[in-house]
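Asks: Pasting structure-v1.txt below, which is compact mmCIF, N, CA and C atoms.
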# COMPACT_ATOMS: atom_id res chain seq x y z
N MET Z 227 -40.55 41.50 128.22
CA MET Z 227 -41.57 42.49 128.39
C MET Z 227 -42.69 42.21 127.42
N CYS Z 228 -43.89 42.44 127.89
CA CYS Z 228 -45.06 42.17 127.08
C CYS Z 228 -45.40 43.40 126.24
N LEU Z 229 -45.63 43.19 124.97
CA LEU Z 229 -46.02 44.28 124.09
C LEU Z 229 -47.41 44.01 123.53
N LEU Z 230 -48.06 45.06 123.08
CA LEU Z 230 -49.34 44.91 122.43
C LEU Z 230 -49.20 44.06 121.19
N LYS Z 231 -50.30 43.41 120.79
CA LYS Z 231 -50.29 42.65 119.56
C LYS Z 231 -50.11 43.64 118.41
N LEU Z 232 -49.04 43.49 117.66
CA LEU Z 232 -48.68 44.52 116.69
C LEU Z 232 -48.49 43.95 115.30
N LEU Z 233 -48.91 44.73 114.34
CA LEU Z 233 -48.57 44.46 112.95
C LEU Z 233 -47.98 45.75 112.40
N VAL Z 234 -46.69 45.82 112.33
CA VAL Z 234 -46.02 47.03 111.89
C VAL Z 234 -45.60 46.84 110.44
N HIS Z 235 -46.21 47.65 109.57
CA HIS Z 235 -45.96 47.49 108.14
C HIS Z 235 -45.09 48.60 107.56
N THR Z 236 -44.91 49.69 108.29
CA THR Z 236 -44.11 50.78 107.74
C THR Z 236 -43.01 51.15 108.70
N LYS Z 237 -41.96 51.73 108.18
CA LYS Z 237 -40.84 52.18 109.00
C LYS Z 237 -41.29 53.26 109.97
N LYS Z 238 -42.20 54.16 109.54
CA LYS Z 238 -42.70 55.23 110.40
C LYS Z 238 -43.45 54.65 111.60
N ALA Z 239 -44.28 53.64 111.37
CA ALA Z 239 -45.01 53.00 112.48
C ALA Z 239 -44.03 52.35 113.45
N GLN Z 240 -42.98 51.74 112.93
CA GLN Z 240 -41.97 51.10 113.77
C GLN Z 240 -41.24 52.13 114.61
N ILE Z 241 -40.88 53.27 114.03
CA ILE Z 241 -40.20 54.33 114.77
C ILE Z 241 -41.11 54.87 115.88
N THR Z 242 -42.40 55.03 115.58
CA THR Z 242 -43.37 55.50 116.58
C THR Z 242 -43.46 54.50 117.72
N LEU Z 243 -43.49 53.22 117.39
CA LEU Z 243 -43.58 52.18 118.40
C LEU Z 243 -42.33 52.15 119.28
N VAL Z 244 -41.17 52.28 118.69
CA VAL Z 244 -39.92 52.30 119.45
C VAL Z 244 -39.91 53.51 120.37
N SER Z 245 -40.35 54.65 119.89
CA SER Z 245 -40.42 55.87 120.70
C SER Z 245 -41.35 55.66 121.90
N TRP Z 246 -42.50 55.06 121.65
CA TRP Z 246 -43.45 54.75 122.73
C TRP Z 246 -42.81 53.84 123.77
N PHE Z 247 -42.14 52.79 123.31
CA PHE Z 247 -41.48 51.84 124.20
C PHE Z 247 -40.42 52.54 125.05
N GLU Z 248 -39.63 53.41 124.43
CA GLU Z 248 -38.57 54.12 125.15
C GLU Z 248 -39.16 55.05 126.20
N ARG Z 249 -40.23 55.78 125.86
CA ARG Z 249 -40.88 56.67 126.84
C ARG Z 249 -41.44 55.86 128.01
N LEU Z 250 -42.09 54.74 127.71
CA LEU Z 250 -42.65 53.89 128.76
C LEU Z 250 -41.56 53.30 129.64
N THR Z 251 -40.46 52.88 129.04
CA THR Z 251 -39.35 52.34 129.81
C THR Z 251 -38.77 53.38 130.76
N LEU Z 252 -38.54 54.58 130.26
CA LEU Z 252 -37.99 55.65 131.11
C LEU Z 252 -38.97 56.05 132.20
N HIS Z 253 -40.27 56.07 131.89
CA HIS Z 253 -41.28 56.36 132.92
C HIS Z 253 -41.22 55.31 134.03
N ASN Z 254 -41.15 54.04 133.65
CA ASN Z 254 -41.08 52.97 134.64
C ASN Z 254 -39.77 52.99 135.41
N PHE Z 255 -38.70 53.38 134.74
CA PHE Z 255 -37.41 53.49 135.42
C PHE Z 255 -37.48 54.53 136.53
N LYS Z 256 -38.17 55.64 136.27
CA LYS Z 256 -38.31 56.71 137.26
C LYS Z 256 -39.33 56.38 138.34
N ASN Z 257 -40.20 55.40 138.10
CA ASN Z 257 -41.27 55.03 139.04
C ASN Z 257 -41.22 53.53 139.32
N GLN Z 258 -40.08 53.04 139.76
CA GLN Z 258 -39.89 51.60 139.90
C GLN Z 258 -40.75 50.95 140.97
N ASP Z 259 -41.23 51.71 141.94
CA ASP Z 259 -42.08 51.12 142.97
C ASP Z 259 -43.36 50.54 142.38
N ALA Z 260 -43.82 51.13 141.29
CA ALA Z 260 -45.06 50.66 140.65
C ALA Z 260 -44.84 49.41 139.81
N LEU Z 261 -43.60 49.08 139.50
CA LEU Z 261 -43.34 47.93 138.63
C LEU Z 261 -43.87 46.62 139.21
N ALA Z 262 -43.69 46.40 140.49
CA ALA Z 262 -44.08 45.12 141.09
C ALA Z 262 -45.59 44.88 141.00
N ALA Z 263 -46.37 45.95 140.87
CA ALA Z 263 -47.83 45.80 140.80
C ALA Z 263 -48.30 45.50 139.38
N ASN Z 264 -47.42 45.59 138.40
CA ASN Z 264 -47.81 45.36 137.01
C ASN Z 264 -47.05 44.15 136.48
N PRO Z 265 -47.75 43.03 136.23
CA PRO Z 265 -47.06 41.81 135.80
C PRO Z 265 -46.34 41.94 134.46
N HIS Z 266 -46.64 42.99 133.69
CA HIS Z 266 -45.94 43.20 132.43
C HIS Z 266 -44.55 43.78 132.65
N TRP Z 267 -44.32 44.40 133.80
CA TRP Z 267 -43.05 45.06 134.06
C TRP Z 267 -42.36 44.55 135.33
N ALA Z 268 -43.02 43.78 136.13
CA ALA Z 268 -42.45 43.32 137.41
C ALA Z 268 -41.24 42.42 137.18
N ASN Z 269 -40.34 42.42 138.14
CA ASN Z 269 -39.21 41.49 138.11
C ASN Z 269 -39.74 40.07 138.21
N GLN Z 270 -39.12 39.15 137.49
CA GLN Z 270 -39.53 37.75 137.57
C GLN Z 270 -39.34 37.21 138.99
N GLY Z 271 -38.34 37.71 139.67
CA GLY Z 271 -38.07 37.28 141.04
C GLY Z 271 -39.15 37.68 142.03
N ASP Z 272 -40.07 38.58 141.63
CA ASP Z 272 -41.16 38.98 142.51
C ASP Z 272 -42.36 38.03 142.45
N PHE Z 273 -42.37 37.15 141.47
CA PHE Z 273 -43.48 36.21 141.33
C PHE Z 273 -43.31 35.04 142.28
N CYS Z 274 -44.34 34.30 142.48
CA CYS Z 274 -44.33 33.10 143.34
C CYS Z 274 -43.88 33.43 144.76
N GLY Z 275 -44.24 34.59 145.25
CA GLY Z 275 -43.86 34.97 146.60
C GLY Z 275 -42.42 35.43 146.71
N GLY Z 276 -41.77 35.64 145.62
CA GLY Z 276 -40.37 36.07 145.64
C GLY Z 276 -39.46 34.87 145.45
N LEU Z 277 -38.81 34.79 144.32
CA LEU Z 277 -38.00 33.61 144.01
C LEU Z 277 -36.69 33.57 144.78
N GLY Z 278 -36.03 34.71 144.89
CA GLY Z 278 -34.78 34.74 145.66
C GLY Z 278 -33.78 33.70 145.21
N ASN Z 279 -33.67 32.64 145.96
CA ASN Z 279 -32.71 31.58 145.69
C ASN Z 279 -33.41 30.46 144.93
N LEU Z 280 -33.09 30.29 143.65
CA LEU Z 280 -33.76 29.29 142.82
C LEU Z 280 -33.44 27.86 143.23
N SER Z 281 -32.40 27.64 144.02
CA SER Z 281 -32.04 26.28 144.40
C SER Z 281 -33.10 25.64 145.30
N LYS Z 282 -33.99 26.44 145.88
CA LYS Z 282 -35.03 25.86 146.73
C LYS Z 282 -36.21 25.31 145.92
N TYR Z 283 -36.19 25.50 144.60
CA TYR Z 283 -37.27 25.00 143.74
C TYR Z 283 -36.86 23.68 143.10
N ASP Z 284 -37.83 22.80 142.92
CA ASP Z 284 -37.59 21.50 142.31
C ASP Z 284 -37.37 21.59 140.80
N PHE Z 285 -37.99 22.59 140.20
CA PHE Z 285 -37.92 22.71 138.74
C PHE Z 285 -37.87 24.18 138.36
N VAL Z 286 -36.95 24.53 137.50
CA VAL Z 286 -36.87 25.88 136.94
C VAL Z 286 -36.74 25.71 135.44
N GLY Z 287 -37.72 26.27 134.70
CA GLY Z 287 -37.72 26.17 133.25
C GLY Z 287 -37.50 27.51 132.61
N ARG Z 288 -37.53 27.51 131.30
CA ARG Z 288 -37.35 28.75 130.53
C ARG Z 288 -38.57 28.93 129.64
N LEU Z 289 -39.08 30.16 129.57
CA LEU Z 289 -40.24 30.46 128.73
C LEU Z 289 -39.79 30.65 127.29
N GLU Z 290 -39.47 29.53 126.67
CA GLU Z 290 -39.03 29.57 125.28
C GLU Z 290 -39.17 28.19 124.67
N ASN Z 291 -39.24 28.15 123.37
CA ASN Z 291 -39.25 26.92 122.59
C ASN Z 291 -40.33 25.94 123.04
N ASP Z 292 -39.97 24.73 123.41
CA ASP Z 292 -40.91 23.66 123.70
C ASP Z 292 -41.44 23.74 125.14
N MET Z 293 -42.45 24.56 125.34
CA MET Z 293 -43.02 24.68 126.68
C MET Z 293 -43.76 23.40 127.06
N ASN Z 294 -44.40 22.74 126.12
CA ASN Z 294 -45.12 21.51 126.41
C ASN Z 294 -44.17 20.48 127.01
N GLY Z 295 -43.01 20.32 126.41
CA GLY Z 295 -42.04 19.35 126.92
C GLY Z 295 -41.54 19.70 128.31
N GLN Z 296 -41.33 20.99 128.56
CA GLN Z 296 -40.87 21.41 129.89
C GLN Z 296 -41.94 21.15 130.95
N VAL Z 297 -43.19 21.50 130.62
CA VAL Z 297 -44.28 21.31 131.59
C VAL Z 297 -44.51 19.82 131.81
N ARG Z 298 -44.45 19.03 130.77
CA ARG Z 298 -44.59 17.57 130.93
C ARG Z 298 -43.49 17.01 131.85
N LYS Z 299 -42.26 17.48 131.64
CA LYS Z 299 -41.15 17.03 132.49
C LYS Z 299 -41.40 17.41 133.94
N MET Z 300 -41.85 18.64 134.17
CA MET Z 300 -42.13 19.09 135.53
C MET Z 300 -43.22 18.23 136.17
N LEU Z 301 -44.31 17.99 135.42
CA LEU Z 301 -45.40 17.18 135.96
C LEU Z 301 -44.94 15.74 136.23
N HIS Z 302 -44.11 15.21 135.35
CA HIS Z 302 -43.56 13.86 135.54
C HIS Z 302 -42.74 13.78 136.84
N GLU Z 303 -41.93 14.80 137.07
CA GLU Z 303 -41.06 14.81 138.26
C GLU Z 303 -41.84 14.80 139.57
N VAL Z 304 -43.08 15.29 139.54
CA VAL Z 304 -43.88 15.30 140.77
C VAL Z 304 -44.96 14.22 140.75
N GLY Z 305 -44.91 13.34 139.75
CA GLY Z 305 -45.84 12.21 139.68
C GLY Z 305 -47.24 12.59 139.22
N ALA Z 306 -47.38 13.71 138.54
CA ALA Z 306 -48.69 14.15 138.05
C ALA Z 306 -48.91 13.67 136.62
N ASN Z 307 -50.15 13.77 136.15
CA ASN Z 307 -50.51 13.37 134.80
C ASN Z 307 -49.90 14.34 133.80
N GLU Z 308 -48.95 13.87 133.02
CA GLU Z 308 -48.23 14.72 132.07
C GLU Z 308 -49.13 15.30 130.99
N THR Z 309 -50.20 14.58 130.63
CA THR Z 309 -51.06 15.05 129.54
C THR Z 309 -51.83 16.31 129.90
N GLU Z 310 -51.88 16.65 131.17
CA GLU Z 310 -52.53 17.90 131.59
C GLU Z 310 -51.83 19.12 130.98
N ALA Z 311 -50.58 18.96 130.61
CA ALA Z 311 -49.82 20.06 130.01
C ALA Z 311 -50.42 20.47 128.67
N ASP Z 312 -51.03 19.53 127.96
CA ASP Z 312 -51.51 19.80 126.61
C ASP Z 312 -52.61 20.86 126.56
N ALA Z 313 -53.40 20.99 127.61
CA ALA Z 313 -54.51 21.94 127.61
C ALA Z 313 -54.03 23.39 127.59
N PHE Z 314 -52.94 23.67 128.27
CA PHE Z 314 -52.45 25.03 128.39
C PHE Z 314 -51.16 25.29 127.64
N PHE Z 315 -50.43 24.23 127.31
CA PHE Z 315 -49.17 24.34 126.59
C PHE Z 315 -49.18 23.33 125.44
N PRO Z 316 -49.92 23.65 124.37
CA PRO Z 316 -50.03 22.69 123.26
C PRO Z 316 -48.68 22.41 122.60
N GLU Z 317 -48.59 21.20 122.04
CA GLU Z 317 -47.34 20.81 121.40
C GLU Z 317 -47.03 21.68 120.19
N SER Z 318 -48.05 22.19 119.54
CA SER Z 318 -47.81 23.10 118.42
C SER Z 318 -48.78 24.27 118.56
N GLY Z 319 -48.34 25.41 118.10
CA GLY Z 319 -49.18 26.60 118.20
C GLY Z 319 -49.03 27.27 119.54
N THR Z 320 -49.72 28.39 119.68
CA THR Z 320 -49.62 29.18 120.90
C THR Z 320 -51.01 29.58 121.35
N ILE Z 321 -51.28 29.42 122.63
CA ILE Z 321 -52.52 29.92 123.20
C ILE Z 321 -52.15 30.78 124.39
N GLY Z 322 -53.08 31.55 124.85
CA GLY Z 322 -52.82 32.35 126.05
C GLY Z 322 -52.16 33.66 125.70
N HIS Z 323 -51.49 34.24 126.67
CA HIS Z 323 -50.90 35.57 126.56
C HIS Z 323 -49.54 35.46 125.90
N ASN Z 324 -49.37 36.19 124.83
CA ASN Z 324 -48.09 36.16 124.13
C ASN Z 324 -47.94 37.43 123.32
N SER Z 325 -46.76 37.66 122.88
CA SER Z 325 -46.49 38.80 122.00
C SER Z 325 -46.31 38.27 120.60
N SER Z 326 -47.14 38.75 119.69
CA SER Z 326 -47.02 38.30 118.31
C SER Z 326 -46.49 39.43 117.44
N SER Z 327 -45.68 40.24 118.01
CA SER Z 327 -45.11 41.37 117.28
C SER Z 327 -44.26 40.86 116.14
N VAL Z 328 -44.37 41.53 115.01
CA VAL Z 328 -43.54 41.16 113.88
C VAL Z 328 -42.25 41.97 113.86
N VAL Z 329 -42.07 42.82 114.85
CA VAL Z 329 -40.87 43.63 114.96
C VAL Z 329 -39.81 42.85 115.74
N ASP Z 330 -38.61 42.81 115.24
CA ASP Z 330 -37.51 42.16 115.93
C ASP Z 330 -37.29 42.86 117.27
N PRO Z 331 -37.27 42.12 118.40
CA PRO Z 331 -37.06 42.74 119.72
C PRO Z 331 -35.80 43.61 119.77
N ASN Z 332 -34.78 43.25 119.00
CA ASN Z 332 -33.55 44.05 119.01
C ASN Z 332 -33.79 45.48 118.52
N THR Z 333 -34.85 45.68 117.77
CA THR Z 333 -35.20 47.02 117.29
C THR Z 333 -35.45 47.96 118.47
N PHE Z 334 -36.00 47.42 119.56
CA PHE Z 334 -36.33 48.23 120.73
C PHE Z 334 -35.13 48.49 121.63
N LEU Z 335 -34.05 47.78 121.41
CA LEU Z 335 -32.94 47.81 122.35
C LEU Z 335 -31.67 48.41 121.76
N GLN Z 336 -31.80 49.38 120.89
CA GLN Z 336 -30.63 49.98 120.26
C GLN Z 336 -30.14 51.22 121.00
N ASN Z 337 -30.97 51.82 121.82
CA ASN Z 337 -30.62 53.03 122.56
C ASN Z 337 -29.89 52.63 123.85
N VAL Z 338 -28.67 53.08 124.02
CA VAL Z 338 -27.85 52.71 125.18
C VAL Z 338 -28.53 53.12 126.49
N SER Z 339 -29.17 54.28 126.52
CA SER Z 339 -29.85 54.74 127.74
C SER Z 339 -30.99 53.80 128.11
N ILE Z 340 -31.71 53.31 127.11
CA ILE Z 340 -32.81 52.38 127.37
C ILE Z 340 -32.27 51.05 127.89
N MET Z 341 -31.21 50.56 127.26
CA MET Z 341 -30.59 49.30 127.73
C MET Z 341 -30.08 49.45 129.16
N THR Z 342 -29.47 50.56 129.48
CA THR Z 342 -28.96 50.80 130.83
C THR Z 342 -30.11 50.83 131.83
N ALA Z 343 -31.21 51.50 131.49
CA ALA Z 343 -32.38 51.55 132.38
C ALA Z 343 -32.96 50.16 132.60
N ILE Z 344 -33.08 49.38 131.53
CA ILE Z 344 -33.63 48.01 131.65
C ILE Z 344 -32.71 47.14 132.50
N GLN Z 345 -31.42 47.21 132.25
CA GLN Z 345 -30.49 46.41 133.05
C GLN Z 345 -30.55 46.80 134.52
N SER Z 346 -30.72 48.07 134.80
CA SER Z 346 -30.84 48.53 136.19
C SER Z 346 -32.14 48.04 136.82
N MET Z 347 -33.26 48.20 136.10
CA MET Z 347 -34.56 47.79 136.64
C MET Z 347 -34.62 46.30 136.92
N TYR Z 348 -33.94 45.52 136.10
CA TYR Z 348 -34.03 44.06 136.22
C TYR Z 348 -32.72 43.43 136.67
N SER Z 349 -31.90 44.19 137.37
CA SER Z 349 -30.60 43.68 137.81
C SER Z 349 -30.75 42.48 138.74
N ARG Z 350 -31.77 42.50 139.59
CA ARG Z 350 -31.98 41.33 140.49
C ARG Z 350 -32.28 40.08 139.68
N ASP Z 351 -33.08 40.22 138.63
CA ASP Z 351 -33.39 39.06 137.78
C ASP Z 351 -32.14 38.57 137.05
N TYR Z 352 -31.37 39.51 136.47
CA TYR Z 352 -30.14 39.13 135.79
C TYR Z 352 -29.20 38.38 136.74
N ASP Z 353 -29.05 38.89 137.96
CA ASP Z 353 -28.17 38.26 138.95
C ASP Z 353 -28.67 36.87 139.33
N MET Z 354 -29.98 36.76 139.56
CA MET Z 354 -30.56 35.47 139.95
C MET Z 354 -30.37 34.44 138.85
N MET Z 355 -30.64 34.83 137.61
CA MET Z 355 -30.50 33.89 136.51
C MET Z 355 -29.04 33.50 136.30
N ALA Z 356 -28.14 34.44 136.43
CA ALA Z 356 -26.72 34.13 136.28
C ALA Z 356 -26.28 33.13 137.34
N ARG Z 357 -26.70 33.35 138.57
CA ARG Z 357 -26.33 32.42 139.65
C ARG Z 357 -26.90 31.04 139.39
N HIS Z 358 -28.12 30.97 138.91
CA HIS Z 358 -28.76 29.66 138.73
C HIS Z 358 -28.24 28.93 137.50
N PHE Z 359 -28.19 29.60 136.36
CA PHE Z 359 -27.88 28.91 135.12
C PHE Z 359 -26.37 28.86 134.80
N LEU Z 360 -25.61 29.80 135.27
CA LEU Z 360 -24.19 29.81 134.95
C LEU Z 360 -23.34 29.03 135.95
N TRP Z 361 -23.85 28.85 137.13
CA TRP Z 361 -23.03 28.20 138.17
C TRP Z 361 -23.48 26.79 138.45
N ARG Z 362 -24.29 26.20 137.61
CA ARG Z 362 -24.77 24.82 137.82
C ARG Z 362 -23.79 23.82 137.29
Could the structure of this file be written out as structure tokens, please?
Replies:
Amino acid sequence: MCLLKLLVHTKKAQITLVSWFERLTLHNFKNQDALAANPHWANQGDFCGGLGNLSKYDFVGRLENDMNGQVRKMLHEVGANETEADAFFPESGTIGHNSSSVVDPNTFLQNVSIMTAIQSMYSRDYDMMARHFLWR
């Protein structure tokens, strides 16, 4: 989930932020039809025309760690110029849309009700990823 660019320096600010996140999560849980229209909350499986079965894709990567290497590998597999990856996925540093929150994500996920709501909202994504990555 995408969060605002945050610099949380006090425990009170962190508690306020967690409270905001929990209220927003519960609001979205109660209004799930609107999730697909917001790329910050939509299921990953709703992108690219609906992913459904990942086996029909030539390449499936993970948005973590060395994105440059993953994009270069994908471009190589289709015979494209690998160096094109450098413009949007630099080898070092980050450009584009990202969360630079200094708060540990686990801070937001301590409430069992919030975790249950998130797991329910994104159950299709959890199932799709489990089928693709665990059964390969």
Asks: Tell me, in Å to one decimal, how far atom N of Val244 in chain Z is from atom N of Thr342 in chain Z.
Replies: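 That distance, rounded to one decimal, is 16.0 Å.
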Asks: At what distance in Å, to one decimal, does CA of Asp272 in chain Z lie from atom N of Arg350 in chain Z?
Replies: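 Those two atoms sit 10.4 Å apart.
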Asks: When you draw a straight line from CA of Phe315 in chain Z to CA of Arg298 in chain Z, how long is it in Å?
Replies: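 If I compute the distance from CA of Phe315 in chain Z to CA of Arg298 in chain Z, I get 9.3 Å.
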Asks: List the residues sitting within 12 Å of (-38.7, 54.4, 138.7) in the file's frame, using only C-alpha atoms, as a list in words.
Replies: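 Every polymer residue passing the test: Leu250, Thr251, Leu252, His253, Asn254, Phe255, Lys256, Asn257, Gln258, Asp259, Ala260, Leu261, Ala262, Trp267, Ala268, Ala343, Ile344, Ser346, Met347 and Tyr348 of chain Z.
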